[in-house]
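Down below is the structure, laid out as structure tokens.
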2 protein chains.
Amino acid sequence: MDHLLSRRAAGATSSVIRDLLHLVNRPGVLSLAGGLPCADGFPTERMAVAAERALAGGGRYGVEALQYGPTEGDAELRRLVAPADVAFDQMLVTTGSQQGLDLVARALIDPGDPVVVEAPGYLGALQAMRVCEPRFVPVRTDEHGLRVDELGALLAAGLRPKLVYTVPNFQNPSGATLSLERRRELGDLADRFGFVVVEDDPYGALRFAGEPLPPVRLFTDNAVTLGSASKVLAPGLRVGWLSAPRWLVGSLVRLKQAADLHTSSLAQRIALDVLSDKAFMAGHLPRIADLYRARCDALVSALDGVLELSRPDGGMFLWCRLPIGSARLDTTEVLPLAVERGVAFVPGAAFFVDGAGHDTMRLSYATLSPVELVEAAGRLDGVLADAERTAVLAGPAAK
Amino acid sequence: MDHLLSRRAAGATSSVIRDLLHLVNRPGVLSLAGGLPCADGFPTERMAVAAERALAGGGRYGVEALQYGPTEGDAELRRLVAPADVAFDQMLVTTGSQQGLDLVARALIDPGDPVVVEAPGYLGALQAMRVCEPRFVPVRTDEHGLRVDELGALLAAGLRPKLVYTVPNFQNPSGATLSLERRRELGDLADRFGFVVVEDDPYGALRFAGEPLPPVRLFTDNAVTLGSASKVLAPGLRVGWLSAPRWLVGSLVRLKQAADLHTSSLAQRIALDVLSDKAFMAGHLPRIADLYRARCDALVSALDGVLELSRPDGGMFLWCRLPIGSARLDTTEVLPLAVERGVAFVPGAAFFVDGAGHDTMRLSYATLSPVELVEAAGRLDGVLADAERTAVLAGPAAK
């Protein structure tokens, strides 16, 4: 019966991360492979208070939290998360920012349309967009984020993408932050060449170093900014939001209505209650930033001399490269050995659409404690040293 | 910039219901137009207990309810809602059954594929599927549901649909229940002609008369059954589920992962806690069935002599036809007059893809109290009598 499958379903392959997660969740494995935020940072007790209020019997909140609601989202929540430069009616609450990405992809991409993605880039975004059958055009990133100069060259050569997808702050997987100059240049290019910048910002509040930078949105009329409560509160709520230009937001609302009618009313009330509690958030945000800083520092220190990396200013991920001497190793091939030795990572090739990145890996410092991170780094060191030795002994034929 | 919109976004028009709801929510209007379940039936206190447990600090539940979870859904919830004839791994938790429909449409429909829908049929389904650009083939319904004989004739004449969409129990909008014989015939046709039956069953538990009938799934290998907590618990949770054949379920999971990663973990834990409380549900289900029965009876009695209708065995909707003598009235034209007079309904034409049904309307008895329903029926009687008189006085030129 699978001849009945649509072209998009036949093309929707399982994500590499998804398959990997099955492998790395073995008992005893210290996993640096995950993409989960730190559960110690969830404001569980405060959210429990919010849930109790949302469901308090008899009041109007009890019904609002449980009845069907508007597709655009709870009006108070939309007002709360709307940045100062964005009008309320340009805000849409989404079922996590993953849905925001799905809706934007569906609103803009026809099969074959060119779409610029970062290389390396966030797998979930590639997966969400792949359903719409774009032609992905990877543009490299470096320690200052997307190489906007390379994008500019492609545009000058005739490329006309529907959208450019970027994670401007502490990118997944590279950890890089897009520099102010590049943000401005990217906005200029969007206005000049007529494409939409989709800036996905799940990690912005997890900054533990440096100064916040203005969103790309401030430098163009054609930006969609995706936000999320997943890292600030908890991902299990599945509450995200987006801002979009006026010509686009109506289509996004209609697509969302078709997709799931609206985001969980209860989850929205809980997010609203906690996010609008300024006194609480004033303590909570620095607390989680500290938590991530401490973990990042522990892992960075422990990897000194093991891998090449640069310390991110926030977020959850370290992007690492094998030392030059070990360039013959392929991190995809090292992973099974690592899992045997009780440590896991995501091979860098998983984050490229073109098979690059075989000497890279993504490490998350979000879920393990500092002590565990040090132990994991030690195991990784051992695995790499052994793999290197084996490769050297086997000689060129080993590849 | 709207030249950047995809073909599907340009084609995703606002639903009629959506536009109508803006009109009918005026103060003082007794609305029979809504599609909301009765909030008095929400087990709010029990759900508050469930939320408290799910978020109880420190325990594993607190983290499970807040962390990312598996795309397929909470394993315990999937086990709980799996019918006896369906294996656990064929169950997928969805963000409401609307998402189930969206996923199935995306998994099966390529542009131009024929898709059979009921006439009249559920608007949200049409809207979810329209995004995939099918060619809708409407098949009429009568008081026993979908005219499977008419579908059979179309198939014999060469129609090869990807899927047939039906709401077998207390259909929205007709209130009709698909007869046992037709369920069997529909299943036979699916096996013989190789299409998927998508049976959407949000109202099955709201039966207040007659005996439950087996799902179409029991009569074919090619059925997707959509279920939902929206009417049994509350729609604001956005928790639904589906069962699908093995060859299809993997594609649905991959599409869901791209769409929103997974359904709210917290909402799933709450649904699991309440739905698995057998003692509570044994009292709750009859209580809500009684509530809908009393409202249905009140509206049916009050409309005696006003409109032609048949009493449904459950669900939320009455499908009404203007008496034969008033065939010159168009319910779409009557609606604005009705709103002026403080009562609202959904004109029947909204539920047809081909412009039929101008002498019909859908009335919901779910949200008003029995006393309000009687008052609403009285207002409707007055509006129709006035409209009829005006039409008669104006003569044929009035149309």
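For the structure tokens, the naming scheme is as follows: chains receive sequential letters (A, B, ...) according to their order of presentation, residues are indexed from 1 within each chain, and ligands are indexed from 1 in presentation order.
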
(request) Select residues of chain A: the criterion is any atom within 7 Å of an atom of chain B, counting only C-alpha atoms; output as a ChimeraX atom specification. (result) /A:1-2,4-9,12,14,36,39,44-45,48,51-52,55,57,62-63,65-68,95-96,98-99,102,106-110,124,127-128,162,234-238,247,251,254-255,258-261,264-266

(request) Run DSSP on the backbone and give me the residues of segment 289-334 of chain A it puts in strand (DSSP E), as a VMD selection string. (result) chain A and resid 308 to 309 317 to 321

Could you please take those selected residues and save C-alpha atoms as a PDB file, in the first residue's frame?
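The resulting file, selection_24.pdb, is reproduced below:
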ATOM      1  CA  GLU A 308      40.018  22.298  18.760  1.00  0.00           C
ATOM      2  CA  LEU A 309      37.129  24.493  19.778  1.00  0.00           C
ATOM      3  CA  PHE A 317      26.673  23.500  22.249  1.00  0.00           C
ATOM      4  CA  LEU A 318      30.403  23.216  21.653  1.00  0.00           C
ATOM      5  CA  TRP A 319      31.557  22.631  18.098  1.00  0.00           C
ATOM      6  CA  CYS A 320      34.820  20.739  18.009  1.00  0.00           C
ATOM      7  CA  ARG A 321      37.333  19.807  15.395  1.00  0.00           C
TER       8      ARG A 321
END

(request) Would you return as a VMD selection string the members of segment 94-216 of chain A that DSSP assigns to helix (DSSP H, G or I) on this structure's backbone? (result) chain A and resid 96 to 108 123 to 130 148 to 156 180 to 193 204 to 206 216

Contacts of Arg147 of chain A within 9 Å, only C-alpha atoms, excl. fewer than 5 positions in-chain, as a PDB file with C-alpha atoms, in the first residue's frame:
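The result, written out as result22.pdb:
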ATOM      1  CA  GLU A 118      23.885  27.302   7.345  1.00  0.00           C
ATOM      2  CA  VAL A 139      26.518  28.621   3.028  1.00  0.00           C
ATOM      3  CA  ARG A 140      29.405  28.146   5.406  1.00  0.00           C
ATOM      4  CA  THR A 141      29.627  29.548   8.917  1.00  0.00           C
ATOM      5  CA  ASP A 142      32.706  30.560  10.847  1.00  0.00           C
ATOM      6  CA  GLY A 152      26.360  37.970  -1.122  1.00  0.00           C
ATOM      7  CA  LEU A 178      26.363  36.235  14.086  1.00  0.00           C
ATOM      8  CA  ARG A 182      26.913  40.612   9.392  1.00  0.00           C
TER       9      ARG A 182
END

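The coordinates place atom CA of Ile270 of chain B at 23.7 Å from atom CA of Ala366 of chain B.
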